[in-house]
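Chemist: Below is the file final17.cif, which contains mmCIF, N, CA and C atoms (P, O5', C5', C4', C3', O3' and C1' of nucleotides).
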```cif
data_start
#
loop_
_atom_site.label_atom_id
_atom_site.label_comp_id
_atom_site.auth_asym_id
_atom_site.auth_seq_id
_atom_site.Cartn_x
_atom_site.Cartn_y
_atom_site.Cartn_z
N MET N 1 -35.98 6.00 3.39
CA MET N 1 -36.49 4.90 4.24
C MET N 1 -35.34 4.05 4.75
N ASP N 2 -34.45 3.73 3.88
CA ASP N 2 -33.29 2.96 4.30
C ASP N 2 -32.10 3.85 4.62
N GLN N 3 -32.43 5.12 4.81
CA GLN N 3 -31.34 6.07 5.05
C GLN N 3 -30.55 5.71 6.31
N LYS N 4 -31.28 5.41 7.38
CA LYS N 4 -30.59 5.09 8.63
C LYS N 4 -29.76 3.82 8.49
N LYS N 5 -30.31 2.92 7.73
CA LYS N 5 -29.57 1.66 7.52
C LYS N 5 -28.26 1.96 6.79
N ASP N 6 -28.33 2.89 5.84
CA ASP N 6 -27.13 3.26 5.11
C ASP N 6 -26.12 3.93 6.04
N ASP N 7 -26.65 4.73 6.98
CA ASP N 7 -25.76 5.40 7.91
C ASP N 7 -24.99 4.38 8.74
N ILE N 8 -25.71 3.37 9.18
CA ILE N 8 -25.07 2.32 9.97
C ILE N 8 -24.01 1.61 9.16
N SER N 9 -24.34 1.33 7.92
CA SER N 9 -23.38 0.65 7.05
C SER N 9 -22.11 1.49 6.91
N ALA N 10 -22.31 2.81 6.82
CA ALA N 10 -21.16 3.70 6.68
C ALA N 10 -20.27 3.58 7.91
N LEU N 11 -20.89 3.46 9.08
CA LEU N 11 -20.11 3.33 10.30
C LEU N 11 -19.36 2.00 10.33
N LEU N 12 -20.05 0.98 9.91
CA LEU N 12 -19.42 -0.34 9.94
C LEU N 12 -18.30 -0.44 8.93
N ASP N 13 -18.30 0.47 7.96
CA ASP N 13 -17.23 0.45 6.97
C ASP N 13 -15.88 0.78 7.58
N PHE N 14 -15.89 1.20 8.85
CA PHE N 14 -14.62 1.45 9.52
C PHE N 14 -13.82 0.16 9.60
N ASP N 15 -14.55 -0.95 9.58
CA ASP N 15 -13.85 -2.23 9.59
C ASP N 15 -12.99 -2.36 8.34
N LEU N 16 -13.51 -1.83 7.24
CA LEU N 16 -12.74 -1.87 6.00
C LEU N 16 -11.51 -0.99 6.13
N LEU N 17 -11.71 0.19 6.72
CA LEU N 17 -10.57 1.09 6.89
C LEU N 17 -9.49 0.45 7.75
N LYS N 18 -9.96 -0.30 8.76
CA LYS N 18 -8.99 -0.93 9.65
C LYS N 18 -8.15 -1.97 8.92
N ARG N 19 -8.71 -2.43 7.82
CA ARG N 19 -7.97 -3.46 7.07
C ARG N 19 -7.08 -2.83 6.00
N LEU N 20 -7.12 -1.48 5.93
CA LEU N 20 -6.26 -0.78 4.99
C LEU N 20 -4.88 -0.71 5.61
N VAL N 21 -4.04 -1.61 5.19
CA VAL N 21 -2.72 -1.71 5.81
C VAL N 21 -1.59 -1.43 4.83
N VAL N 22 -0.50 -0.95 5.37
CA VAL N 22 0.67 -0.66 4.55
C VAL N 22 1.92 -1.17 5.23
N GLY N 23 2.97 -1.37 4.46
CA GLY N 23 4.23 -1.83 5.02
C GLY N 23 4.94 -0.71 5.74
N ILE N 24 5.97 -1.10 6.50
CA ILE N 24 6.69 -0.12 7.31
C ILE N 24 7.36 0.94 6.45
N GLY N 25 7.77 0.54 5.27
CA GLY N 25 8.43 1.49 4.37
C GLY N 25 7.49 2.61 3.96
N GLU N 26 6.26 2.23 3.62
CA GLU N 26 5.26 3.22 3.22
C GLU N 26 4.94 4.16 4.38
N VAL N 27 4.76 3.57 5.57
CA VAL N 27 4.47 4.38 6.75
C VAL N 27 5.58 5.40 6.97
N SER N 28 6.81 4.92 6.85
CA SER N 28 7.96 5.80 7.05
C SER N 28 7.96 6.94 6.04
N ARG N 29 7.67 6.60 4.79
CA ARG N 29 7.67 7.60 3.73
C ARG N 29 6.56 8.63 3.94
N ILE N 30 5.40 8.13 4.36
CA ILE N 30 4.25 9.01 4.55
C ILE N 30 4.39 9.91 5.78
N THR N 31 4.80 9.30 6.89
CA THR N 31 4.86 10.05 8.15
C THR N 31 6.19 10.77 8.36
N GLY N 32 7.20 10.33 7.66
CA GLY N 32 8.51 10.93 7.85
C GLY N 32 9.24 10.36 9.06
N ILE N 33 8.65 9.34 9.67
CA ILE N 33 9.28 8.68 10.82
C ILE N 33 10.16 7.54 10.32
N PRO N 34 11.42 7.54 10.71
CA PRO N 34 12.36 6.49 10.30
C PRO N 34 11.85 5.10 10.68
N THR N 35 12.09 4.14 9.82
CA THR N 35 11.63 2.77 10.10
C THR N 35 12.20 2.27 11.42
N ARG N 36 13.40 2.67 11.68
CA ARG N 36 14.07 2.24 12.91
C ARG N 36 13.29 2.69 14.13
N LYS N 37 12.77 3.94 14.08
CA LYS N 37 12.03 4.49 15.21
C LYS N 37 10.67 3.80 15.34
N ILE N 38 10.08 3.46 14.21
CA ILE N 38 8.78 2.77 14.23
C ILE N 38 8.91 1.44 14.95
N ARG N 39 9.96 0.70 14.63
CA ARG N 39 10.17 -0.59 15.30
C ARG N 39 10.45 -0.37 16.78
N TYR N 40 11.16 0.71 17.07
CA TYR N 40 11.49 1.04 18.45
C TYR N 40 10.20 1.30 19.24
N TRP N 41 9.31 2.03 18.66
CA TRP N 41 8.03 2.34 19.31
C TRP N 41 7.21 1.08 19.50
N GLU N 42 7.24 0.24 18.51
CA GLU N 42 6.48 -1.00 18.62
C GLU N 42 7.03 -1.83 19.78
N GLU N 43 8.34 -1.78 19.92
CA GLU N 43 8.99 -2.50 21.00
C GLU N 43 8.55 -1.95 22.36
N LYS N 44 8.28 -0.66 22.42
CA LYS N 44 7.86 -0.02 23.65
C LYS N 44 6.35 -0.13 23.89
N GLY N 45 5.64 -0.74 22.93
CA GLY N 45 4.21 -0.96 23.10
C GLY N 45 3.31 0.14 22.60
N ALA N 46 3.89 1.09 21.86
CA ALA N 46 3.09 2.21 21.36
C ALA N 46 2.13 1.77 20.26
N ILE N 47 2.57 0.81 19.47
CA ILE N 47 1.76 0.35 18.34
C ILE N 47 1.87 -1.16 18.22
N GLN N 48 0.92 -1.74 17.53
CA GLN N 48 0.97 -3.18 17.32
C GLN N 48 0.80 -3.48 15.84
N SER N 49 1.82 -4.09 15.28
CA SER N 49 1.77 -4.41 13.86
C SER N 49 0.94 -5.67 13.66
N GLU N 50 0.31 -5.74 12.52
CA GLU N 50 -0.47 -6.93 12.22
C GLU N 50 0.35 -7.81 11.31
N ASN N 51 1.11 -8.67 11.93
CA ASN N 51 1.94 -9.61 11.17
C ASN N 51 1.09 -10.69 10.55
N GLU N 52 1.00 -10.66 9.24
CA GLU N 52 0.27 -11.72 8.58
C GLU N 52 1.17 -12.94 8.59
N GLN N 53 0.54 -14.08 8.54
CA GLN N 53 1.27 -15.34 8.70
C GLN N 53 2.49 -15.43 7.80
N GLU N 54 2.26 -15.29 6.52
CA GLU N 54 3.38 -15.43 5.60
C GLU N 54 4.31 -14.23 5.70
N GLY N 55 5.57 -14.49 5.51
CA GLY N 55 6.54 -13.41 5.60
C GLY N 55 6.60 -12.86 7.00
N SER N 56 7.52 -11.97 7.24
CA SER N 56 7.65 -11.42 8.59
C SER N 56 7.57 -9.89 8.56
N THR N 57 7.16 -9.35 7.42
CA THR N 57 7.13 -7.90 7.33
C THR N 57 5.95 -7.33 8.11
N ARG N 58 6.22 -6.29 8.88
CA ARG N 58 5.17 -5.65 9.68
C ARG N 58 4.18 -4.95 8.76
N ARG N 59 2.93 -4.94 9.20
CA ARG N 59 1.91 -4.20 8.46
C ARG N 59 1.15 -3.34 9.45
N TYR N 60 0.92 -2.10 9.10
CA TYR N 60 0.24 -1.18 10.00
C TYR N 60 -1.04 -0.64 9.38
N ASP N 61 -2.15 -0.68 10.14
CA ASP N 61 -3.41 -0.14 9.64
C ASP N 61 -3.43 1.36 9.90
N TYR N 62 -4.45 2.03 9.38
CA TYR N 62 -4.46 3.49 9.46
C TYR N 62 -4.56 4.00 10.90
N LEU N 63 -5.13 3.18 11.79
CA LEU N 63 -5.21 3.59 13.19
C LEU N 63 -3.83 3.70 13.81
N ASN N 64 -2.98 2.74 13.47
CA ASN N 64 -1.63 2.76 14.01
C ASN N 64 -0.84 3.92 13.43
N VAL N 65 -1.07 4.19 12.15
CA VAL N 65 -0.39 5.33 11.53
C VAL N 65 -0.81 6.61 12.25
N LYS N 66 -2.11 6.67 12.57
CA LYS N 66 -2.65 7.81 13.30
C LYS N 66 -1.95 7.95 14.65
N LYS N 67 -1.81 6.82 15.33
CA LYS N 67 -1.14 6.82 16.62
C LYS N 67 0.27 7.38 16.50
N MET N 68 0.99 6.92 15.49
CA MET N 68 2.37 7.36 15.30
C MET N 68 2.44 8.88 15.15
N LEU N 69 1.58 9.41 14.29
CA LEU N 69 1.57 10.87 14.10
C LEU N 69 1.26 11.58 15.40
N LEU N 70 0.30 11.04 16.15
CA LEU N 70 -0.10 11.63 17.43
C LEU N 70 1.07 11.62 18.41
N ILE N 71 1.69 10.46 18.52
CA ILE N 71 2.82 10.31 19.43
C ILE N 71 3.96 11.23 19.03
N GLN N 72 4.21 11.30 17.75
CA GLN N 72 5.29 12.16 17.27
C GLN N 72 5.08 13.61 17.72
N GLU N 73 3.83 14.06 17.57
CA GLU N 73 3.51 15.43 17.97
C GLU N 73 3.72 15.63 19.47
N MET N 74 3.26 14.64 20.25
CA MET N 74 3.37 14.76 21.70
C MET N 74 4.82 14.78 22.15
N LEU N 75 5.65 13.99 21.49
CA LEU N 75 7.07 13.98 21.85
C LEU N 75 7.67 15.35 21.56
N ASP N 76 7.23 15.95 20.46
CA ASP N 76 7.71 17.29 20.12
C ASP N 76 7.31 18.31 21.18
N GLU N 77 6.18 18.01 21.83
CA GLU N 77 5.68 18.92 22.86
C GLU N 77 6.32 18.66 24.21
N GLY N 78 7.20 17.70 24.26
CA GLY N 78 7.94 17.47 25.48
C GLY N 78 7.48 16.31 26.34
N PHE N 79 6.52 15.55 25.82
CA PHE N 79 6.07 14.37 26.57
C PHE N 79 7.12 13.26 26.49
N THR N 80 7.11 12.40 27.48
CA THR N 80 7.95 11.22 27.39
C THR N 80 7.22 10.22 26.52
N LEU N 81 7.94 9.26 25.98
CA LEU N 81 7.31 8.27 25.11
C LEU N 81 6.24 7.50 25.87
N ASP N 82 6.53 7.16 27.12
CA ASP N 82 5.58 6.40 27.93
C ASP N 82 4.27 7.16 28.14
N SER N 83 4.36 8.43 28.51
CA SER N 83 3.15 9.22 28.75
C SER N 83 2.39 9.44 27.44
N ALA N 84 3.13 9.57 26.36
CA ALA N 84 2.50 9.75 25.05
C ALA N 84 1.69 8.51 24.69
N ILE N 85 2.30 7.34 24.91
CA ILE N 85 1.62 6.08 24.63
C ILE N 85 0.35 5.97 25.47
N GLU N 86 0.48 6.31 26.74
CA GLU N 86 -0.65 6.21 27.66
C GLU N 86 -1.81 7.10 27.22
N LYS N 87 -1.50 8.34 26.87
CA LYS N 87 -2.53 9.27 26.46
C LYS N 87 -3.19 8.84 25.14
N VAL N 88 -2.39 8.41 24.20
CA VAL N 88 -2.93 7.97 22.90
C VAL N 88 -3.86 6.79 23.11
N GLU N 89 -3.44 5.90 24.00
CA GLU N 89 -4.24 4.71 24.28
C GLU N 89 -5.62 5.10 24.81
N LYS N 90 -5.63 6.08 25.72
CA LYS N 90 -6.89 6.54 26.29
C LYS N 90 -7.78 7.17 25.22
N ARG N 91 -7.13 7.93 24.34
CA ARG N 91 -7.89 8.58 23.26
C ARG N 91 -8.57 7.54 22.39
N MET N 92 -7.86 6.48 22.07
CA MET N 92 -8.41 5.43 21.22
C MET N 92 -9.62 4.78 21.90
N VAL N 93 -9.49 4.52 23.19
CA VAL N 93 -10.58 3.90 23.95
C VAL N 93 -11.79 4.83 23.98
N THR N 94 -11.54 6.09 24.25
CA THR N 94 -12.62 7.08 24.30
C THR N 94 -13.36 7.17 22.97
N LEU N 95 -12.59 7.24 21.89
CA LEU N 95 -13.19 7.33 20.56
C LEU N 95 -13.99 6.07 20.24
N ASP N 96 -13.43 4.93 20.59
CA ASP N 96 -14.10 3.66 20.31
C ASP N 96 -15.43 3.59 21.03
N GLU N 97 -15.42 3.98 22.30
CA GLU N 97 -16.66 3.95 23.09
C GLU N 97 -17.69 4.91 22.52
N ALA N 98 -17.23 6.09 22.12
CA ALA N 98 -18.14 7.09 21.57
C ALA N 98 -18.80 6.60 20.29
N PHE N 99 -18.01 5.97 19.44
CA PHE N 99 -18.56 5.47 18.17
C PHE N 99 -19.52 4.32 18.40
N LYS N 100 -19.24 3.52 19.40
CA LYS N 100 -20.14 2.40 19.71
C LYS N 100 -21.49 2.94 20.16
N LYS N 101 -21.44 3.98 21.01
CA LYS N 101 -22.68 4.59 21.49
C LYS N 101 -23.44 5.19 20.31
N LEU N 102 -22.71 5.80 19.42
CA LEU N 102 -23.34 6.42 18.25
C LEU N 102 -24.01 5.36 17.39
N ALA N 103 -23.32 4.24 17.20
CA ALA N 103 -23.87 3.15 16.41
C ALA N 103 -25.11 2.58 17.08
N ASP N 104 -25.05 2.44 18.41
CA ASP N 104 -26.19 1.92 19.16
C ASP N 104 -27.39 2.84 19.01
N THR N 105 -27.12 4.15 19.03
CA THR N 105 -28.19 5.12 18.88
C THR N 105 -28.92 4.93 17.56
N LEU N 106 -28.16 4.74 16.51
CA LEU N 106 -28.76 4.54 15.20
C LEU N 106 -29.52 3.22 15.14
N GLU N 107 -28.97 2.22 15.84
CA GLU N 107 -29.62 0.91 15.86
C GLU N 107 -30.98 1.01 16.55
N ASP N 108 -31.03 1.77 17.64
CA ASP N 108 -32.24 1.86 18.45
C ASP N 108 -33.44 2.40 17.69
N ASP N 109 -33.26 3.48 16.94
CA ASP N 109 -34.40 4.05 16.24
C ASP N 109 -34.45 3.63 14.78
N LYS N 110 -33.95 2.45 14.55
CA LYS N 110 -33.98 1.92 13.18
C LYS N 110 -35.43 1.61 12.78
P DG H 1 14.84 0.43 -0.54
"O5'" DG H 1 13.90 -0.55 0.25
"C5'" DG H 1 12.62 -0.74 -0.29
"C4'" DG H 1 12.14 -2.14 0.01
"C3'" DG H 1 12.15 -2.48 1.48
"O3'" DG H 1 10.93 -2.08 2.07
"C1'" DG H 1 13.06 -4.27 0.21
P DT H 2 10.85 -1.52 3.56
"O5'" DT H 2 10.97 -2.82 4.48
"C5'" DT H 2 10.01 -3.86 4.37
"C4'" DT H 2 10.55 -5.11 5.02
"C3'" DT H 2 11.00 -4.95 6.46
"O3'" DT H 2 9.90 -5.14 7.34
"C1'" DT H 2 12.50 -6.35 5.22
P DT H 3 10.06 -4.94 8.95
"O5'" DT H 3 11.05 -6.10 9.45
"C5'" DT H 3 10.57 -7.44 9.53
"C4'" DT H 3 11.69 -8.35 10.01
"C3'" DT H 3 12.33 -7.95 11.33
"O3'" DT H 3 11.58 -8.47 12.40
"C1'" DT H 3 14.00 -8.55 9.75
P DC H 4 11.74 -7.87 13.88
"O5'" DC H 4 13.19 -8.39 14.32
"C5'" DC H 4 13.45 -9.78 14.48
"C4'" DC H 4 14.94 -10.00 14.71
"C3'" DC H 4 15.43 -9.33 15.99
"O3'" DC H 4 15.58 -10.28 17.02
"C1'" DC H 4 16.89 -8.88 14.12
P DT H 5 15.83 -9.78 18.59
"O5'" DT H 5 17.41 -9.48 18.62
"C5'" DT H 5 18.32 -10.42 18.09
"C4'" DT H 5 19.75 -9.88 18.21
"C3'" DT H 5 20.01 -9.18 19.54
"O3'" DT H 5 21.30 -9.52 20.03
"C1'" DT H 5 20.46 -7.69 17.76
P DC H 6 21.60 -9.38 21.62
"O5'" DC H 6 22.94 -8.52 21.64
"C5'" DC H 6 23.95 -8.76 20.67
"C4'" DC H 6 24.84 -7.54 20.52
"C3'" DC H 6 25.08 -6.78 21.82
"O3'" DC H 6 26.47 -6.59 22.02
"C1'" DC H 6 24.29 -5.31 20.12
P DA H 7 27.02 -5.94 23.43
"O5'" DA H 7 27.43 -4.47 22.95
"C5'" DA H 7 28.08 -4.31 21.70
"C4'" DA H 7 27.94 -2.88 21.24
"C3'" DA H 7 28.23 -1.86 22.35
"O3'" DA H 7 29.26 -0.99 21.93
"C1'" DA H 7 26.23 -1.33 21.19
P DC H 8 29.99 0.00 23.04
"O5'" DC H 8 29.36 1.42 22.66
"C5'" DC H 8 29.45 1.88 21.31
"C4'" DC H 8 28.52 3.07 21.10
"C3'" DC H 8 28.64 4.15 22.19
"O3'" DC H 8 28.86 5.40 21.57
"C1'" DC H 8 26.38 3.60 21.77
P DA H 9 29.57 6.61 22.46
"O5'" DA H 9 28.45 7.74 22.34
"C5'" DA H 9 28.07 8.25 21.06
"C4'" DA H 9 26.78 9.05 21.18
"C3'" DA H 9 26.80 10.07 22.31
"O3'" DA H 9 26.23 11.27 21.85
"C1'" DA H 9 24.95 8.64 22.55
P DT M 1 11.30 7.64 26.98
"O5'" DT M 1 11.98 8.08 25.58
"C5'" DT M 1 12.06 9.48 25.30
"C4'" DT M 1 12.97 9.65 24.14
"C3'" DT M 1 12.50 8.84 22.92
"O3'" DT M 1 12.40 9.71 21.82
"C1'" DT M 1 14.78 8.42 23.39
P DG M 2 11.80 9.24 20.47
"O5'" DG M 2 13.11 8.76 19.70
"C5'" DG M 2 14.15 9.71 19.54
"C4'" DG M 2 15.42 9.02 19.11
"C3'" DG M 2 15.28 8.19 17.83
"O3'" DG M 2 15.85 8.92 16.76
"C1'" DG M 2 16.73 7.21 19.45
P DT M 3 15.91 8.24 15.36
"O5'" DT M 3 17.41 7.66 15.36
"C5'" DT M 3 18.48 8.54 15.64
"C4'" DT M 3 19.79 7.81 15.54
"C3'" DT M 3 20.04 7.10 14.20
"O3'" DT M 3 21.29 7.51 13.71
"C1'" DT M 3 20.43 5.63 16.04
P DG M 4 21.66 7.21 12.24
"O5'" DG M 4 22.83 6.12 12.38
"C5'" DG M 4 23.57 6.04 13.58
"C4'" DG M 4 24.76 5.12 13.37
"C3'" DG M 4 24.92 4.60 11.95
"O3'" DG M 4 26.31 4.40 11.68
"C1'" DG M 4 24.31 2.81 13.40
P DA M 5 26.72 3.88 10.29
"O5'" DA M 5 26.91 2.32 10.58
"C5'" DA M 5 27.66 1.91 11.71
"C4'" DA M 5 27.71 0.40 11.77
"C3'" DA M 5 27.78 -0.27 10.39
"O3'" DA M 5 28.73 -1.31 10.42
"C1'" DA M 5 25.92 -1.11 11.59
P DG M 6 29.25 -1.92 9.09
"O5'" DG M 6 28.97 -3.46 9.34
"C5'" DG M 6 29.29 -4.03 10.60
"C4'" DG M 6 28.48 -5.30 10.80
"C3'" DG M 6 28.42 -6.17 9.56
"O3'" DG M 6 28.81 -7.50 9.90
"C1'" DG M 6 26.26 -5.80 10.41
P DA M 7 28.99 -8.56 8.77
"O5'" DA M 7 27.68 -9.46 8.96
"C5'" DA M 7 27.37 -9.98 10.25
"C4'" DA M 7 26.03 -10.68 10.19
"C3'" DA M 7 25.85 -11.55 8.95
"O3'" DA M 7 25.31 -12.80 9.32
"C1'" DA M 7 24.07 -10.03 9.14
P DA M 8 25.40 -13.99 8.34
"O5'" DA M 8 23.89 -14.44 8.16
"C5'" DA M 8 23.02 -14.55 9.28
"C4'" DA M 8 21.60 -14.32 8.85
"C3'" DA M 8 21.19 -15.08 7.58
"O3'" DA M 8 20.24 -16.07 7.92
"C1'" DA M 8 20.38 -12.84 7.58
#
```
Could you write out this file's structure as structure tokens?
Modeler:
Amino acid sequence: MDQKKDDISALLDFDLLKRLVVGIGEVSRITGIPTRKIRYWEEKGAIQSENEQEGSTRRYDYLNVKKMLLIQEMLDEGFTLDSAIEKVEKRMVTLDEAFKKLADTLEDDK
DNA sequence: GTTCTCACA
DNA sequence: TGTGAGAA
């Protein structure tokens, strides 16, 4: 009976995932991308760190980590950094819109 | 450990 | 496009 409601809750839990953040060191260790390059990409607008008020250490959520891996692959395939950023950005928008529609669908027949 | 900037390839 | 090095 509350199954659909649970499904919606599962979708909304993405907000929790978005808050799963790690420092630049961890990202570097996990992805194999040098910290220097991560900052460089951020400077070029590929990713946006969530600087919490205290301290100045960058923090990246899993979406940004995903972006980095995606961009890294595209660069290996011969894309320029700018085109890679552009394509990744579109993918994020497309995915976001799709999930919103999916959530709306579940809301409608609740 | 993290940050930044300047310079260099 | 990406790195090295120094300094904070």
Chemist: Using all atoms listed in the file and a cut-off of 6.5 Å, which residues of chain N sit close to chain M? Please list them as a list of chain:residue names.
Modeler: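 Contact residues on the first chain: N:Pro34, N:Arg36, N:Lys37, N:Phe79, N:Thr80, N:Leu81, N:Asp82.
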Chemist: To test your reading of the syntax: which residues would the PyMOL selection byres ((chain N) within 8 of (chain H)) return for the file shown? Reply as a PDB file with N, CA and C atoms, in the frame of the given file.
Modeler:
```
ATOM      1  N   GLY N  23       2.970  -1.370   4.460  1.00  0.00           N
ATOM      2  CA  GLY N  23       4.230  -1.830   5.020  1.00  0.00           C
ATOM      3  C   GLY N  23       4.940  -0.710   5.740  1.00  0.00           C
ATOM      4  N   ILE N  24       5.970  -1.100   6.500  1.00  0.00           N
ATOM      5  CA  ILE N  24       6.690  -0.120   7.310  1.00  0.00           C
ATOM      6  C   ILE N  24       7.360   0.940   6.450  1.00  0.00           C
ATOM      7  N   GLY N  25       7.770   0.540   5.270  1.00  0.00           N
ATOM      8  CA  GLY N  25       8.430   1.490   4.370  1.00  0.00           C
ATOM      9  C   GLY N  25       7.490   2.610   3.960  1.00  0.00           C
ATOM     10  N   GLU N  26       6.260   2.230   3.620  1.00  0.00           N
ATOM     11  CA  GLU N  26       5.260   3.220   3.220  1.00  0.00           C
ATOM     12  C   GLU N  26       4.940   4.160   4.380  1.00  0.00           C
ATOM     13  N   THR N  35      12.090   4.140   9.820  1.00  0.00           N
ATOM     14  CA  THR N  35      11.630   2.770  10.100  1.00  0.00           C
ATOM     15  C   THR N  35      12.200   2.270  11.420  1.00  0.00           C
ATOM     16  N   ARG N  39       9.960   0.700  14.630  1.00  0.00           N
ATOM     17  CA  ARG N  39      10.170  -0.590  15.300  1.00  0.00           C
ATOM     18  C   ARG N  39      10.450  -0.370  16.780  1.00  0.00           C
ATOM     19  N   GLY N  55       5.570 -14.490   5.510  1.00  0.00           N
ATOM     20  CA  GLY N  55       6.540 -13.410   5.600  1.00  0.00           C
ATOM     21  C   GLY N  55       6.600 -12.860   7.000  1.00  0.00           C
ATOM     22  N   SER N  56       7.520 -11.970   7.240  1.00  0.00           N
ATOM     23  CA  SER N  56       7.650 -11.420   8.590  1.00  0.00           C
ATOM     24  C   SER N  56       7.570  -9.890   8.560  1.00  0.00           C
ATOM     25  N   THR N  57       7.160  -9.350   7.420  1.00  0.00           N
ATOM     26  CA  THR N  57       7.130  -7.900   7.330  1.00  0.00           C
ATOM     27  C   THR N  57       5.950  -7.330   8.110  1.00  0.00           C
ATOM     28  N   ARG N  58       6.220  -6.290   8.880  1.00  0.00           N
ATOM     29  CA  ARG N  58       5.170  -5.650   9.680  1.00  0.00           C
ATOM     30  C   ARG N  58       4.180  -4.950   8.760  1.00  0.00           C
ATOM     31  N   ARG N  59       2.930  -4.940   9.200  1.00  0.00           N
ATOM     32  CA  ARG N  59       1.910  -4.200   8.460  1.00  0.00           C
ATOM     33  C   ARG N  59       1.150  -3.340   9.450  1.00  0.00           C
TER      34      ARG N  59
END
```
Chemist: Can you tell me, as a count of residues only, which residues in region 36-100 of chain N count as alpha helix (DSSP H) by DSSP?
Modeler: 43
Chemist: In Å, how far is it from CA of Ala46 (chain N) to atom N of Val65 (chain N)?
Modeler: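 Distance between the two atoms: 10.3 Å.
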Chemist: Rounded to one decimal, what separation in Å do you get between CA of Ala98 (chain N) and atom C of Ile71 (chain N)?
Modeler: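 Distance between the two atoms: 22.6 Å.
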Chemist: How many Å lie between CA of Met92 (chain N) and CA of Glu107 (chain N), rounded to one decimal?
Modeler: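 Taking CA of Met92 (chain N) as the start and CA of Glu107 (chain N) as the end point, the length is 22.3 Å.
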Chemist: Have region 19-31 of chain N completed to N, CA, C and O atoms, please, and pass it along as a PDB file, keeping the file's coordinate frame.
Modeler:
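Output contents, as saved in part_38.pdb:
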```pdb
ATOM      1  N   ARG N  19      -8.710  -2.430   7.820  1.00  0.00           N
ATOM      2  CA  ARG N  19      -7.970  -3.460   7.070  1.00  0.00           C
ATOM      3  C   ARG N  19      -7.080  -2.830   6.000  1.00  0.00           C
ATOM      4  O   ARG N  19      -6.424  -3.532   5.243  1.00  0.00           O
ATOM      5  N   LEU N  20      -7.120  -1.480   5.930  1.00  0.00           N
ATOM      6  CA  LEU N  20      -6.260  -0.780   4.990  1.00  0.00           C
ATOM      7  C   LEU N  20      -4.880  -0.710   5.610  1.00  0.00           C
ATOM      8  O   LEU N  20      -4.612   0.120   6.458  1.00  0.00           O
ATOM      9  N   VAL N  21      -4.040  -1.610   5.190  1.00  0.00           N
ATOM     10  CA  VAL N  21      -2.720  -1.710   5.810  1.00  0.00           C
ATOM     11  C   VAL N  21      -1.590  -1.430   4.830  1.00  0.00           C
ATOM     12  O   VAL N  21      -1.753  -1.629   3.626  1.00  0.00           O
ATOM     13  N   VAL N  22      -0.500  -0.950   5.370  1.00  0.00           N
ATOM     14  CA  VAL N  22       0.670  -0.660   4.550  1.00  0.00           C
ATOM     15  C   VAL N  22       1.920  -1.170   5.230  1.00  0.00           C
ATOM     16  O   VAL N  22       1.927  -1.384   6.444  1.00  0.00           O
ATOM     17  N   GLY N  23       2.970  -1.370   4.460  1.00  0.00           N
ATOM     18  CA  GLY N  23       4.230  -1.830   5.020  1.00  0.00           C
ATOM     19  C   GLY N  23       4.940  -0.710   5.740  1.00  0.00           C
ATOM     20  O   GLY N  23       4.581   0.459   5.614  1.00  0.00           O
ATOM     21  N   ILE N  24       5.970  -1.100   6.500  1.00  0.00           N
ATOM     22  CA  ILE N  24       6.690  -0.120   7.310  1.00  0.00           C
ATOM     23  C   ILE N  24       7.360   0.940   6.450  1.00  0.00           C
ATOM     24  O   ILE N  24       7.490   2.102   6.849  1.00  0.00           O
ATOM     25  N   GLY N  25       7.770   0.540   5.270  1.00  0.00           N
ATOM     26  CA  GLY N  25       8.430   1.490   4.370  1.00  0.00           C
ATOM     27  C   GLY N  25       7.490   2.610   3.960  1.00  0.00           C
ATOM     28  O   GLY N  25       7.873   3.781   3.937  1.00  0.00           O
ATOM     29  N   GLU N  26       6.260   2.230   3.620  1.00  0.00           N
ATOM     30  CA  GLU N  26       5.260   3.220   3.220  1.00  0.00           C
ATOM     31  C   GLU N  26       4.940   4.160   4.380  1.00  0.00           C
ATOM     32  O   GLU N  26       4.847   5.368   4.205  1.00  0.00           O
ATOM     33  N   VAL N  27       4.760   3.570   5.570  1.00  0.00           N
ATOM     34  CA  VAL N  27       4.470   4.380   6.750  1.00  0.00           C
ATOM     35  C   VAL N  27       5.580   5.400   6.970  1.00  0.00           C
ATOM     36  O   VAL N  27       5.337   6.569   7.248  1.00  0.00           O
ATOM     37  N   SER N  28       6.810   4.920   6.850  1.00  0.00           N
ATOM     38  CA  SER N  28       7.960   5.800   7.050  1.00  0.00           C
ATOM     39  C   SER N  28       7.960   6.940   6.040  1.00  0.00           C
ATOM     40  O   SER N  28       8.184   8.098   6.382  1.00  0.00           O
ATOM     41  N   ARG N  29       7.670   6.600   4.790  1.00  0.00           N
ATOM     42  CA  ARG N  29       7.670   7.600   3.730  1.00  0.00           C
ATOM     43  C   ARG N  29       6.560   8.630   3.940  1.00  0.00           C
ATOM     44  O   ARG N  29       6.760   9.835   3.754  1.00  0.00           O
ATOM     45  N   ILE N  30       5.400   8.130   4.360  1.00  0.00           N
ATOM     46  CA  ILE N  30       4.250   9.010   4.550  1.00  0.00           C
ATOM     47  C   ILE N  30       4.390   9.910   5.780  1.00  0.00           C
ATOM     48  O   ILE N  30       4.127  11.103   5.729  1.00  0.00           O
ATOM     49  N   THR N  31       4.800   9.300   6.890  1.00  0.00           N
ATOM     50  CA  THR N  31       4.860  10.050   8.150  1.00  0.00           C
ATOM     51  C   THR N  31       6.190  10.770   8.360  1.00  0.00           C
ATOM     52  O   THR N  31       6.266  11.698   9.159  1.00  0.00           O
TER      53      THR N  31
END
```
